[in-house]
Structure formats: C-alpha cells, structure tokens
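Content type mmCIF, C-alpha atoms, from the file run.cif:
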data_work
#
loop_
_atom_site.label_atom_id
_atom_site.label_comp_id
_atom_site.auth_asym_id
_atom_site.auth_seq_id
_atom_site.Cartn_x
_atom_site.Cartn_y
_atom_site.Cartn_z
CA MET A 280 0.00 0.00 0.00
CA GLU A 281 2.92 2.31 0.73
CA ILE A 282 4.05 2.30 -2.87
CA LYS A 283 0.54 2.66 -4.19
CA LEU A 284 -0.11 5.77 -2.16
CA GLU A 285 2.60 7.52 -4.10
CA GLN A 286 0.60 7.34 -7.30
CA PRO A 287 -0.14 10.84 -8.58
CA THR A 288 -3.66 11.59 -7.50
CA HIS A 289 -4.82 13.23 -10.69
CA GLU A 290 -4.05 10.08 -12.65
CA VAL A 291 -6.07 7.99 -10.25
CA ILE A 292 -8.94 10.45 -10.57
CA SER A 293 -8.81 10.41 -14.34
CA VAL A 294 -8.80 6.59 -14.41
CA CYS A 295 -11.80 6.52 -12.08
CA LEU A 296 -13.69 9.10 -14.10
CA LEU A 297 -12.91 7.45 -17.42
CA ALA A 298 -14.07 4.07 -16.12
CA GLY A 299 -17.24 5.64 -14.78
CA GLN A 300 -17.88 7.52 -17.99
CA ILE A 301 -17.50 4.45 -20.20
CA MET A 302 -19.75 2.38 -17.96
CA LEU A 303 -22.44 5.02 -17.75
CA GLN A 304 -22.40 5.55 -21.52
CA SER A 305 -22.74 1.82 -22.03
CA GLY A 306 -25.88 1.48 -19.98
CA ALA A 307 -24.60 0.23 -16.64
CA GLU A 308 -26.70 0.87 -13.57
CA THR A 309 -25.84 3.86 -11.40
CA TYR A 310 -24.88 1.84 -8.38
CA ARG A 311 -22.51 -0.28 -10.44
CA VAL A 312 -20.77 2.84 -11.72
CA GLU A 313 -20.36 4.22 -8.20
CA ASP A 314 -19.21 0.87 -6.94
CA THR A 315 -16.58 0.46 -9.66
CA MET A 316 -15.21 3.96 -9.16
CA SER A 317 -14.90 3.62 -5.41
CA ARG A 318 -13.31 0.21 -5.81
CA ILE A 319 -10.69 1.55 -8.21
CA ALA A 320 -10.00 4.40 -5.80
CA ALA A 321 -9.77 1.99 -2.88
CA SER A 322 -7.25 -0.14 -4.72
CA PHE A 323 -4.91 2.85 -4.64
CA GLY A 324 -5.51 3.41 -0.97
CA PHE A 325 -8.17 6.12 -1.24
CA THR A 326 -10.94 4.64 0.84
CA ASN A 327 -12.82 7.88 1.39
CA SER A 328 -13.77 8.63 -2.19
CA ASN A 329 -17.13 10.18 -2.91
CA SER A 330 -19.12 10.16 -6.10
CA TYR A 331 -22.35 11.63 -7.36
CA VAL A 332 -23.56 9.84 -10.47
CA THR A 333 -26.46 10.89 -12.65
CA PRO A 334 -27.18 9.78 -16.22
CA THR A 335 -25.87 13.10 -17.53
CA GLY A 336 -22.74 13.55 -15.47
CA ILE A 337 -20.41 12.28 -12.78
CA ILE A 338 -18.91 14.24 -9.92
CA PHE A 339 -16.08 12.41 -8.24
CA GLN A 340 -13.89 13.28 -5.30
CA LEU A 341 -10.93 11.14 -4.36
CA ASP A 342 -10.37 12.41 -0.85
CA ARG A 343 -12.25 14.54 1.61
CA ALA A 344 -9.58 17.20 1.34
CA GLY A 345 -9.05 17.19 -2.43
CA SER A 346 -11.07 18.98 -5.03
CA ALA A 347 -13.88 17.24 -6.91
CA GLN A 348 -13.82 16.60 -10.63
CA LEU A 349 -16.68 16.58 -13.03
CA ILE A 350 -17.33 14.75 -16.27
CA GLN A 351 -20.25 15.17 -18.61
CA ILE A 352 -22.10 12.28 -20.23
CA VAL A 353 -23.68 13.19 -23.55
CA LYS A 354 -24.52 9.96 -25.35
CA ARG A 355 -26.08 6.96 -23.74
CA THR A 356 -26.28 3.60 -25.47
CA THR A 357 -26.30 -0.04 -24.47
CA ASP A 358 -22.97 -1.73 -24.98
CA LEU A 359 -22.49 -4.64 -22.63
CA GLN A 360 -19.09 -5.51 -24.04
CA LYS A 361 -17.69 -2.27 -22.66
CA VAL A 362 -19.24 -2.85 -19.26
CA VAL A 363 -17.54 -6.24 -19.14
CA ALA A 364 -14.23 -4.78 -20.28
CA VAL A 365 -14.24 -1.99 -17.67
CA ASN A 366 -15.24 -4.47 -15.01
CA GLY A 367 -12.28 -6.65 -15.93
CA ILE A 368 -9.89 -3.70 -15.82
CA SER A 369 -11.12 -2.61 -12.41
CA ARG A 370 -10.73 -6.16 -11.14
CA LYS A 371 -7.16 -6.30 -12.44
CA LEU A 372 -6.43 -2.96 -10.82
CA SER A 373 -7.63 -4.11 -7.43
CA THR A 374 -5.53 -7.25 -7.55
CA GLY A 375 -2.55 -5.11 -8.51
CA GLU A 376 -1.96 -6.81 -11.87
CA ILE A 377 -1.72 -3.53 -13.78
CA SER A 378 -0.59 0.00 -12.97
CA VAL A 379 -2.51 3.25 -13.32
CA MET A 380 -0.88 4.12 -16.61
CA GLU A 381 -1.64 0.71 -18.08
CA ALA A 382 -5.21 0.96 -16.87
CA GLN A 383 -5.54 4.37 -18.48
CA THR A 384 -4.34 3.17 -21.89
CA MET A 385 -6.56 0.11 -21.65
CA LEU A 386 -9.57 2.25 -20.77
CA HIS A 387 -8.87 4.59 -23.67
CA GLN A 388 -8.79 1.59 -25.96
CA VAL A 389 -12.10 0.34 -24.61
CA ASP A 390 -13.58 3.80 -25.05
CA ILE A 391 -12.87 4.02 -28.78
CA GLU A 392 -13.68 0.39 -29.46
CA ALA A 393 -16.45 -0.02 -32.02
CA HIS A 394 -19.45 -2.33 -31.82
CA ALA A 395 -18.25 -5.93 -32.16
CA PHE A 396 -20.86 -6.70 -34.81
CA SER A 397 -21.15 -4.84 -38.09
CA ILE A 398 -24.15 -2.62 -38.77
CA GLY A 399 -25.50 -5.06 -41.35
CA PHE A 400 -25.30 -7.89 -38.88
CA GLN A 401 -27.05 -5.81 -36.23
CA ILE A 402 -29.87 -4.95 -38.60
CA MET A 403 -30.19 -8.60 -39.51
CA ALA A 404 -30.32 -9.52 -35.82
CA ALA A 405 -32.97 -6.85 -35.23
CA SER A 406 -35.10 -8.06 -38.11
CA ILE A 407 -34.91 -11.71 -37.09
CA ALA A 408 -35.67 -10.77 -33.49
CA SER A 409 -38.69 -8.75 -34.69
CA GLY A 410 -39.99 -11.70 -36.66
CA CYS A 411 -39.59 -13.93 -33.64
CA PHE A 412 -41.38 -11.43 -31.42
CA THR A 413 -44.33 -11.48 -33.78
CA ILE A 414 -44.59 -15.21 -33.18
CA MET A 415 -44.11 -14.82 -29.44
CA PHE A 416 -47.00 -12.41 -29.22
CA GLN A 417 -49.26 -15.13 -30.66
CA GLY A 418 -49.02 -14.00 -34.24
CA GLY A 419 -49.30 -16.58 -36.99
CA TRP A 420 -46.38 -17.69 -39.13
CA LEU A 421 -47.87 -15.60 -41.92
CA ASP A 422 -46.83 -12.54 -39.93
CA PHE A 423 -43.24 -13.68 -39.56
CA ILE A 424 -41.90 -12.34 -42.85
CA PRO A 425 -43.69 -8.96 -42.63
CA GLY A 426 -42.45 -8.65 -39.06
CA MET A 427 -38.91 -9.29 -40.21
CA ILE A 428 -39.15 -6.77 -43.02
CA CYS A 429 -40.64 -4.04 -40.84
CA GLY A 430 -38.30 -4.69 -37.94
CA GLY A 431 -35.19 -4.59 -40.08
CA LEU A 432 -36.39 -1.51 -41.90
CA GLY A 433 -37.32 0.24 -38.67
CA TYR A 434 -34.01 -0.49 -37.03
CA SER A 435 -31.97 0.59 -40.03
CA ALA A 436 -34.03 3.79 -40.24
CA PHE A 437 -33.31 4.38 -36.56
CA VAL A 438 -29.57 3.86 -37.01
CA TYR A 439 -29.47 6.04 -40.14
CA PHE A 440 -31.47 8.95 -38.78
CA HIS A 441 -29.64 8.83 -35.49
CA ARG A 442 -26.43 9.41 -37.43
CA LEU A 443 -27.99 12.10 -39.58
CA VAL A 444 -29.65 14.06 -36.81
CA LYS A 445 -28.21 13.68 -33.34
CA VAL A 446 -31.64 13.78 -31.74
CA LYS A 447 -32.60 10.30 -30.58
CA PHE A 448 -36.23 11.24 -30.16
CA PHE A 449 -36.55 12.20 -33.80
CA ALA A 450 -34.82 9.05 -35.05
CA GLU A 451 -37.19 6.89 -33.03
CA LEU A 452 -40.19 8.82 -34.26
CA VAL A 453 -39.22 8.40 -37.90
CA ALA A 454 -38.40 4.72 -37.43
CA ALA A 455 -41.73 4.04 -35.76
CA PHE A 456 -43.56 5.96 -38.47
CA LEU A 457 -41.82 3.90 -41.13
CA ILE A 458 -42.66 0.67 -39.34
CA GLY A 459 -46.29 1.69 -39.09
CA ILE A 460 -46.64 2.69 -42.71
CA VAL A 461 -44.82 -0.33 -44.15
CA SER A 462 -46.70 -2.82 -42.02
CA PHE A 463 -49.95 -1.12 -42.94
CA PHE A 464 -49.20 -1.52 -46.64
CA LEU A 465 -47.99 -5.08 -46.20
CA THR A 466 -51.16 -6.14 -44.42
CA SER A 467 -53.42 -4.37 -46.88
CA ALA A 468 -51.49 -6.10 -49.67
CA GLY A 469 -52.39 -9.39 -47.99
CA MET A 470 -48.91 -10.30 -46.78
CA GLY A 471 -49.77 -10.48 -43.10
CA GLN A 472 -52.79 -11.22 -40.98
CA SER A 473 -52.76 -8.99 -37.95
CA LEU A 474 -51.41 -5.48 -38.18
CA ASP A 475 -51.07 -5.12 -34.40
CA LYS A 476 -48.82 -8.13 -33.96
CA ILE A 477 -46.54 -7.09 -36.77
CA ILE A 478 -46.18 -3.56 -35.44
CA ILE A 479 -45.57 -4.68 -31.86
CA GLY A 480 -42.98 -7.22 -32.99
CA SER A 481 -41.12 -4.76 -35.16
CA VAL A 482 -41.01 -1.88 -32.67
CA MET A 483 -39.51 -4.16 -30.01
CA PRO A 484 -35.89 -3.38 -30.98
CA LEU A 485 -36.67 0.29 -30.29
CA VAL A 486 -38.62 -0.19 -27.06
CA PRO A 487 -36.75 1.17 -24.03
CA GLY A 488 -37.13 -1.94 -21.92
CA LEU A 489 -33.70 -1.71 -20.37
CA LEU A 490 -34.17 1.97 -19.60
CA ILE A 491 -37.46 1.43 -17.81
CA THR A 492 -36.11 -1.39 -15.72
CA ASN A 493 -32.91 0.47 -14.88
CA ALA A 494 -34.99 3.48 -13.92
CA VAL A 495 -37.09 1.55 -11.44
CA ARG A 496 -34.01 -0.20 -10.07
CA ASP A 497 -32.24 3.10 -9.55
CA LEU A 498 -35.27 4.45 -7.76
CA MET A 499 -35.37 1.44 -5.47
CA ALA A 500 -31.67 1.67 -4.77
CA GLY A 501 -32.14 5.24 -3.59
CA HIS A 502 -30.64 6.98 -6.62
CA LEU A 503 -33.67 9.17 -6.96
CA VAL A 504 -32.25 11.69 -9.42
CA SER A 505 -30.88 9.00 -11.72
CA GLY A 506 -34.08 7.00 -11.53
CA LEU A 507 -36.28 9.94 -12.42
CA SER A 508 -34.11 11.12 -15.30
CA ARG A 509 -33.79 7.63 -16.73
CA GLY A 510 -37.52 7.27 -16.39
CA ALA A 511 -37.99 10.52 -18.28
CA GLU A 512 -35.73 9.26 -21.05
CA ALA A 513 -37.65 6.00 -21.26
CA PHE A 514 -40.95 7.84 -21.33
CA LEU A 515 -39.72 10.09 -24.11
CA THR A 516 -38.67 7.09 -26.18
CA ALA A 517 -41.96 5.30 -25.64
CA PHE A 518 -43.76 8.51 -26.51
CA ALA A 519 -41.76 8.86 -29.73
CA ILE A 520 -42.56 5.31 -30.80
CA GLY A 521 -46.21 5.72 -29.90
CA THR A 522 -46.49 8.99 -31.78
CA GLY A 523 -44.81 7.56 -34.86
CA ILE A 524 -47.26 4.69 -34.99
CA ALA A 525 -50.16 6.95 -34.07
CA VAL A 526 -49.53 9.25 -37.01
CA VAL A 527 -49.98 6.29 -39.33
CA PHE A 528 -53.25 5.37 -37.67
CA THR A 529 -54.61 8.87 -37.93
CA ILE A 530 -53.70 9.14 -41.60
CA PHE A 531 -55.40 5.89 -42.60
CA MET B 133 -45.23 -23.96 -27.11
CA ILE B 134 -42.05 -25.30 -28.72
CA GLU B 135 -42.20 -22.66 -31.43
CA GLN B 136 -42.63 -19.99 -28.79
CA LEU B 137 -39.53 -21.14 -26.95
CA VAL B 138 -37.44 -21.42 -30.11
CA THR B 139 -38.46 -17.97 -31.34
CA CYS B 140 -37.86 -16.59 -27.86
CA PHE B 141 -34.33 -18.00 -27.85
CA ILE B 142 -33.56 -16.45 -31.22
CA ALA B 143 -35.15 -13.12 -30.31
CA THR B 144 -33.25 -12.85 -27.05
CA ALA B 145 -29.94 -13.78 -28.67
CA GLY B 146 -30.68 -11.20 -31.39
CA PHE B 147 -31.19 -8.57 -28.73
CA ALA B 148 -27.97 -9.59 -27.05
CA ILE B 149 -26.26 -8.85 -30.38
CA LEU B 150 -27.89 -5.41 -30.51
CA PHE B 151 -26.68 -4.74 -26.98
CA ASN B 152 -23.19 -5.84 -28.02
CA ALA B 153 -22.97 -8.60 -25.46
CA PRO B 154 -19.69 -10.54 -25.57
CA LYS B 155 -19.80 -13.19 -28.27
CA ARG B 156 -19.20 -16.05 -25.90
CA SER B 157 -22.22 -15.11 -23.82
CA LEU B 158 -24.82 -15.03 -26.62
CA ILE B 159 -26.01 -18.61 -26.11
CA GLN B 160 -26.35 -18.14 -22.37
CA CYS B 161 -28.25 -14.88 -22.90
CA GLY B 162 -30.69 -16.68 -25.18
CA LEU B 163 -31.04 -19.41 -22.60
CA VAL B 164 -31.91 -17.00 -19.80
CA GLY B 165 -34.55 -15.35 -21.99
CA THR B 166 -36.05 -18.68 -22.98
CA LEU B 167 -36.24 -19.89 -19.38
CA SER B 168 -37.93 -16.70 -18.23
CA TRP B 169 -40.45 -16.86 -21.06
CA LEU B 170 -41.10 -20.53 -20.27
CA ALA B 171 -41.78 -19.71 -16.64
CA TYR B 172 -44.01 -16.81 -17.66
CA ILE B 173 -46.22 -18.72 -20.11
CA LEU B 174 -46.45 -21.75 -17.83
CA LEU B 175 -47.66 -19.56 -14.99
CA LEU B 176 -50.12 -17.80 -17.29
CA GLU B 177 -51.52 -21.18 -18.31
CA TYR B 178 -52.24 -21.95 -14.67
CA ASP B 179 -54.28 -18.74 -14.47
CA VAL B 180 -51.73 -16.78 -12.50
CA ASP B 181 -52.07 -13.02 -12.66
CA PRO B 182 -49.72 -11.56 -15.33
CA ILE B 183 -48.10 -9.25 -12.78
CA LEU B 184 -47.33 -12.12 -10.43
CA ALA B 185 -46.14 -14.26 -13.33
CA THR B 186 -43.80 -11.50 -14.46
CA LEU B 187 -42.50 -11.08 -10.94
CA ALA B 188 -41.80 -14.81 -10.65
CA ALA B 189 -40.20 -14.97 -14.10
CA THR B 190 -37.91 -12.00 -13.41
CA PHE B 191 -36.99 -13.44 -10.05
CA LEU B 192 -35.94 -16.57 -11.91
CA VAL B 193 -33.98 -14.40 -14.36
CA GLY B 194 -32.20 -12.78 -11.45
CA VAL B 195 -31.27 -16.10 -9.88
CA ILE B 196 -30.06 -17.65 -13.14
CA SER B 197 -28.15 -14.50 -14.08
CA GLN B 198 -26.36 -14.55 -10.79
CA ILE B 199 -25.41 -18.19 -11.18
CA PHE B 200 -24.24 -17.59 -14.75
CA ALA B 201 -22.36 -14.45 -13.75
CA LYS B 202 -20.44 -16.37 -11.14
CA TYR B 203 -19.82 -19.34 -13.40
CA TYR B 204 -18.74 -17.41 -16.49
CA LYS B 205 -17.12 -14.54 -14.54
CA MET B 206 -19.08 -11.79 -16.25
CA PRO B 207 -21.21 -8.99 -14.77
CA VAL B 208 -24.76 -9.94 -13.85
CA ILE B 209 -26.19 -7.19 -16.04
CA ILE B 210 -25.39 -9.05 -19.28
CA PHE B 211 -27.64 -11.94 -18.44
CA SER B 212 -30.34 -10.08 -16.58
CA VAL B 213 -30.83 -7.56 -19.38
CA SER B 214 -31.23 -10.28 -21.96
CA GLY B 215 -33.45 -12.33 -19.69
CA ILE B 216 -36.04 -9.62 -19.14
CA ILE B 217 -36.40 -8.76 -22.82
CA PRO B 218 -39.26 -11.16 -23.55
CA LEU B 219 -41.10 -9.88 -20.47
CA VAL B 220 -40.96 -6.19 -21.34
CA PRO B 221 -44.54 -5.04 -21.85
CA GLY B 222 -43.98 -3.58 -25.30
CA GLY B 223 -47.34 -4.77 -26.53
CA LEU B 224 -49.20 -3.14 -23.68
CA ALA B 225 -47.33 0.14 -24.08
CA TYR B 226 -48.16 0.07 -27.77
CA ASN B 227 -51.83 -0.63 -27.12
CA ALA B 228 -51.96 2.19 -24.60
CA MET B 229 -50.43 4.64 -27.06
CA ARG B 230 -52.78 3.50 -29.80
CA ARG B 231 -55.87 3.95 -27.64
CA PHE B 232 -54.69 7.42 -26.64
CA VAL B 233 -54.52 8.42 -30.26
CA GLN B 234 -57.95 7.01 -30.96
CA ASN B 235 -59.34 9.15 -28.11
CA ASP B 236 -60.25 6.05 -26.12
CA TYR B 237 -58.78 7.37 -22.88
CA ASN B 238 -60.40 4.83 -20.57
CA GLU B 239 -58.86 1.89 -22.33
CA ALA B 240 -55.61 3.79 -22.78
CA ILE B 241 -55.18 4.45 -19.07
CA HIS B 242 -56.06 0.83 -18.40
CA PHE B 243 -53.26 -0.42 -20.66
CA ALA B 244 -50.79 2.20 -19.51
CA VAL B 245 -51.26 1.35 -15.84
CA GLN B 246 -50.86 -2.32 -16.62
CA ALA B 247 -47.65 -1.65 -18.54
CA PHE B 248 -46.35 0.43 -15.65
CA MET B 249 -47.20 -2.28 -13.12
CA LEU B 250 -45.50 -4.92 -15.24
CA SER B 251 -42.29 -2.94 -15.64
CA GLY B 252 -42.36 -2.24 -11.94
CA SER B 253 -42.65 -5.92 -11.18
CA ILE B 254 -39.77 -6.69 -13.55
CA ALA B 255 -37.54 -4.34 -11.60
CA LEU B 256 -38.87 -5.64 -8.30
CA GLY B 257 -38.13 -9.23 -9.26
CA LEU B 258 -34.57 -8.38 -10.20
CA VAL B 259 -33.96 -6.37 -7.04
CA LEU B 260 -35.52 -9.09 -4.91
CA SER B 261 -33.25 -11.79 -6.26
CA GLU B 262 -30.26 -9.50 -5.82
CA VAL B 263 -31.11 -8.74 -2.22
CA ILE B 264 -31.66 -12.39 -1.41
CA ASN B 265 -28.38 -13.27 -3.09
CA GLN B 266 -26.57 -10.69 -1.00
CA THR B 267 -28.06 -11.89 2.27
CA ILE B 268 -27.19 -15.49 1.44
CA ARG B 269 -23.65 -14.50 0.61
CA LYS B 270 -23.25 -12.60 3.86
CA LYS B 271 -24.60 -15.43 5.98
CA ALA B 272 -22.69 -18.23 4.27
CA PRO B 273 -19.29 -19.05 5.71
CA PRO B 274 -16.41 -17.87 3.55
CA LEU B 275 -15.46 -20.60 1.14
CA THR B 276 -12.27 -19.21 -0.31
#
Would you write the structure of this file as structure tokens?
Amino acid sequence: MEIKLEQPTHEVISVCLLAGQIMLQSGAETYRVEDTMSRIAASFGFTNSNSYVTPTGIIFQLDRAGSAQLIQIVKRTTDLQKVVAVNGISRKLSTGEISVMEAQTMLHQVDIEAHAFSIGFQIMAASIASGCFTIMFQGGWLDFIPGMICGGLGYSAFVYFHRLVKVKFFAELVAAFLIGIVSFFLTSAGMGQSLDKIIIGSVMPLVPGLLITNAVRDLMAGHLVSGLSRGAEAFLTAFAIGTGIAVVFTIF
Amino acid sequence: MIEQLVTCFIATAGFAILFNAPKRSLIQCGLVGTLSWLAYILLLEYDVDPILATLAATFLVGVISQIFAKYYKMPVIIFSVSGIIPLVPGGLAYNAMRRFVQNDYNEAIHFAVQAFMLSGSIALGLVLSEVINQTIRKKAPPLT
C-alpha cells in the first residue's frame, strides 16, 4: 500500500472518471458505476472517495480534502461488451496486476472500441428478433416475414437517422412511423394477418425496456435523481414510438 | 409452445447482439430469456395473474443471471438484461399509445397502468433476487 499511495492523485482520478464515464455511456446501472469507481479508488488506498452519479454527469472526489472533478455524459447507449471490459480492468487494478498508466491506456482503448458486430449484422439480428417477437405475441407464421421486413427496416431507419440528426427522439419517431406505414401496406397487400402483432414485434428493438427497468431499479436503490431522469428518457422514447405509430393510424 | 420457446431464444440472442454482449455469452443470454419466457407462459396457463407471473419470471432471471455471472465470470447485467427482454410489456405500451390516439382514454389508461405495473414488477423481481443473493452470501461461511 505504501508504494501505491505515491501514485499521482490526478491520474487515479482520471482513471476513475474514465471508467465511470464508459460504464455510464454503455448502460450500466448507477450503483454499479459508483461501486466500480470507489473500488478503483480503494485499490490505490483512497478509501474515502465520494461520487455523485447521474445519467448526464459524474462528480467524483478522491479524498475529503481534495477537489472534486466533473465529467459530462452526452450519449447513452447499451454496450455490454464495454461494461464487461471496464469491469475486468477494475478487477485487475484491485488485484494489482496492472498499474494506473496501463489501466488508463486500456480504458482509452475500450472507449474508442467499435461495436463488435457490423451494422448489417445488427440490422439482420434486429429483423430476425422482430420476426420472432411477432410469433411470441401469438401472431401466426404468416406474420413472420412482414415482421422481419418491418423490424429490419425500422431499425436501419433508426440507425441512419440517429447518425444524420443527433436527436434520438426524432430518429425513433421516424423509425416508428416507417414501421407503421410499411406494415400497414404489407397487411393491406395481404402479406400479413394482424397489423397489431406485426407492429408490436417490429417496434420491439426500439422499445426502451432496459431503460425502464434500470430506472425503477435506480429508484429502489435510492438513486432518486438517476431513476427519475432515466424514467424521463424512457418515457420520451416510448412517446416517440407511440407517436410515430399513431400518425400512421390517424392518416389511414 | 415449442415454437414460442425457439423464437424466444432467437429473439433474445438477437437482442444480445444489438446490446453488443460478448460473443461467448450469446447462447447463455438466449437461454436466460427462454427460461424466463417458459416460466411466464407456464404460470399464465395456470391462471396466474400476469403481474405475479412477471415477478416470478424475473426473479428466476435474477437467480439464473447470478449463477451464470459467477460461473462465467461476467457482470450480472449481461444476463439479466437479456433475460427480461421477452417480459418487457412492449405490446401493452403500444396498445396504450394506440388507444390514446384514438381518443379512447379509458382503455388507454387501463393499458398504460398495466404496462407500468408490469415494468415495476420486472424491476422488483430483479432487485428481490439480488437482495436475497446478497443476504445469502453474507450469511454463508467464507469458502475461499
């Protein structure tokens, strides 16, 4: 511990903050982020660290006497691979396998790492999952192919518009609208039986299930601010999807 | 029944891909989802209330995720997130939104409250299994 205490504090802080930032951006729960950061700090001998984590930013203080540092979180996605990677790094840090500098370079690598699956593969996965959801919600096999088409189309629209315009709400709205209109035409062309089942199945890749659950979990864990803001985000997403579909219903 | 389970497995694994779960955990993710859906539809067949069925199914998800997490040395969140995907009340939320647009507010509120209760019970089930896991771990004598 003697040697570890000599680590420059600002490097420890930046490792903690980077780890927290990556985890929060990748959809980890608030308590896990706080836990990881305080564990990393404790592995360098700072047992009195304090953190304040919300979905939009982290405030972290290494020691009671030191100054606090702040980091802003702008984008929030779900990327479990990164959560696993950061978890592994923090574990290695606490067993003393790697130094601060090594941890920092590793974290930077994790941060810029791209999605392990290509966009085409993701869209394929989304479309197959949508088709399967149509079956799970008691749709007939006739609805499988339309579900796949709409789901894949909706997800690719979401990815495309999210790149074009950085507003997630808008991308979801457009994707849901597209899903609604395509499934409407497919069913009226006689390619599917029940419009509802197809639409529900194909909006599933957009539905904020993880957000809702994380929100309620945060609330129960006492992270009231995080819980409420995550809940607001989930509500906004659900609202966007609902509106997109609703527009189609009002037109026809 | 069989087709439901197979499609559920594929759908959950597909979602795990979207969430960028580690490649070696995809099969396990699908398995957790399938087991939770199996528990859910079995309970529904025995006339159990959907909210209670969801609670039981998510509790199961929590337990299995914790076992898997320990066994495969990965964070619990990977498995629990994939496991709850089939249980997310997307259909109800959709129905609620649709009724709102059609000015059928009574039905809309009905669906919306149900969706809210279901997502609450999903979270409750997960938290419950976590809490129980923690108490067991604290009481058990240290093995290592």
Give me, as CSV, the closest atom pair and its distance (Å, one decimal) for every residue of chain A within a cut-off of 6 Å of chain B, counting all atoms listed in the file, rows sorted by chain and rising number.
residue,atom,partner,partner_atom,distance
A:Thr357,CA,B:Phe151,CA,5.3
A:Asp358,CA,B:Asn152,CA,5.1
A:Leu359,CA,B:Ala153,CA,4.9
A:Gln360,CA,B:Ala153,CA,5.2
A:Gln401,CA,B:Leu150,CA,5.8
A:Ala404,CA,B:Gly146,CA,4.8
A:Ala408,CA,B:Ala143,CA,4.0
A:Cys411,CA,B:Thr139,CA,4.8
A:Met415,CA,B:Gln136,CA,5.4
A:Ile479,CA,B:Gly223,CA,5.6
A:Gly488,CA,B:Val220,CA,5.8
A:Thr492,CA,B:Ala255,CA,5.3
A:Val495,CA,B:Ala255,CA,5.9
A:Arg496,CA,B:Ala255,CA,5.7
A:Gly521,CA,B:Met229,CA,5.2
A:Ala525,CA,B:Val233,CA,6.0
Got a sec to resolve the PyMOL selection byres ((chain A and resi 318) around 12) on this structure and send the residues as an MDAnalysis selection string? chainID A and resid 291 294:295 298:299 310:317 319:330 341 366 368:374
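Counting from CA of Ala188 in chain B, the distance to CA of Ser261 in chain B is 10.1 Å.
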Please check which residues have atoms at most 10 Å from (-30.2, -20.3, -14.2) in the file's coordinates, counting all atoms listed in the file, and write them as a count of residues only. 16
Excluding Gln417 in chain A and any residue of its chain fewer than 5 positions from it, enumerate the residues within 10 Å of it, using only C-alpha atoms, and give them as an MDAnalysis selection string. (chainID A and resid 412 422 476) or (chainID B and resid 136)
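Separating CA of Asp390 in chain A from CA of Gln300 in chain A is a distance of 9.1 Å.
With only the atoms specified (all atoms listed in the file) counting, those residues at most 7 Å away from (-48.0, -10.8, -44.0) are Leu421, Asp422, Ile424, Pro425, Leu465, Thr466, Gly469, Met470, Gly471 and Gln472 of chain A.
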Starting from the sparse input, extend range 159-179 of chain B to N, CA and C atoms and give the output as a short mmCIF file (atom, residue, chain, number, x, y, z; two decimals), in the frame of the given file.
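Written output follows (rebuild06.cif):
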data_model
loop_
_atom_site.label_atom_id
_atom_site.label_comp_id
_atom_site.auth_asym_id
_atom_site.auth_seq_id
_atom_site.Cartn_x
_atom_site.Cartn_y
_atom_site.Cartn_z
N ILE B 159 -25.19 -17.42 -26.34
CA ILE B 159 -26.01 -18.61 -26.11
C ILE B 159 -26.65 -18.56 -24.72
N GLN B 160 -25.83 -18.20 -23.74
CA GLN B 160 -26.35 -18.14 -22.37
C GLN B 160 -27.44 -17.09 -22.25
N CYS B 161 -27.23 -15.94 -22.93
CA CYS B 161 -28.25 -14.88 -22.90
C CYS B 161 -29.57 -15.42 -23.45
N GLY B 162 -29.48 -16.11 -24.59
CA GLY B 162 -30.69 -16.68 -25.18
C GLY B 162 -31.35 -17.65 -24.22
N LEU B 163 -30.53 -18.41 -23.53
CA LEU B 163 -31.04 -19.41 -22.60
C LEU B 163 -31.81 -18.76 -21.45
N VAL B 164 -31.24 -17.69 -20.90
CA VAL B 164 -31.91 -17.00 -19.80
C VAL B 164 -33.28 -16.48 -20.26
N GLY B 165 -33.29 -15.86 -21.46
CA GLY B 165 -34.55 -15.35 -21.99
C GLY B 165 -35.57 -16.45 -22.18
N THR B 166 -35.13 -17.59 -22.73
CA THR B 166 -36.05 -18.68 -22.98
C THR B 166 -36.63 -19.21 -21.67
N LEU B 167 -35.77 -19.37 -20.66
CA LEU B 167 -36.24 -19.89 -19.38
C LEU B 167 -37.26 -18.95 -18.75
N SER B 168 -36.99 -17.64 -18.85
CA SER B 168 -37.93 -16.70 -18.23
C SER B 168 -39.26 -16.72 -18.96
N TRP B 169 -39.20 -16.81 -20.29
CA TRP B 169 -40.45 -16.86 -21.06
C TRP B 169 -41.21 -18.15 -20.76
N LEU B 170 -40.47 -19.25 -20.60
CA LEU B 170 -41.10 -20.53 -20.27
C LEU B 170 -41.83 -20.42 -18.95
N ALA B 171 -41.15 -19.86 -17.95
CA ALA B 171 -41.78 -19.71 -16.64
C ALA B 171 -43.02 -18.85 -16.76
N TYR B 172 -42.90 -17.76 -17.53
CA TYR B 172 -44.01 -16.81 -17.66
C TYR B 172 -45.24 -17.47 -18.30
N ILE B 173 -45.03 -18.17 -19.44
CA ILE B 173 -46.22 -18.72 -20.11
C ILE B 173 -46.78 -19.91 -19.35
N LEU B 174 -45.93 -20.65 -18.65
CA LEU B 174 -46.45 -21.75 -17.83
C LEU B 174 -47.34 -21.21 -16.72
N LEU B 175 -46.87 -20.14 -16.07
CA LEU B 175 -47.66 -19.56 -14.99
C LEU B 175 -48.96 -18.99 -15.52
N LEU B 176 -48.89 -18.37 -16.71
CA LEU B 176 -50.12 -17.80 -17.29
C LEU B 176 -51.12 -18.91 -17.59
N GLU B 177 -50.62 -20.07 -18.00
CA GLU B 177 -51.52 -21.18 -18.31
C GLU B 177 -52.24 -21.68 -17.08
N TYR B 178 -51.59 -21.55 -15.92
CA TYR B 178 -52.24 -21.95 -14.67
C TYR B 178 -53.02 -20.80 -14.05
N ASP B 179 -53.41 -19.84 -14.90
CA ASP B 179 -54.28 -18.74 -14.47
C ASP B 179 -53.66 -17.86 -13.39
#
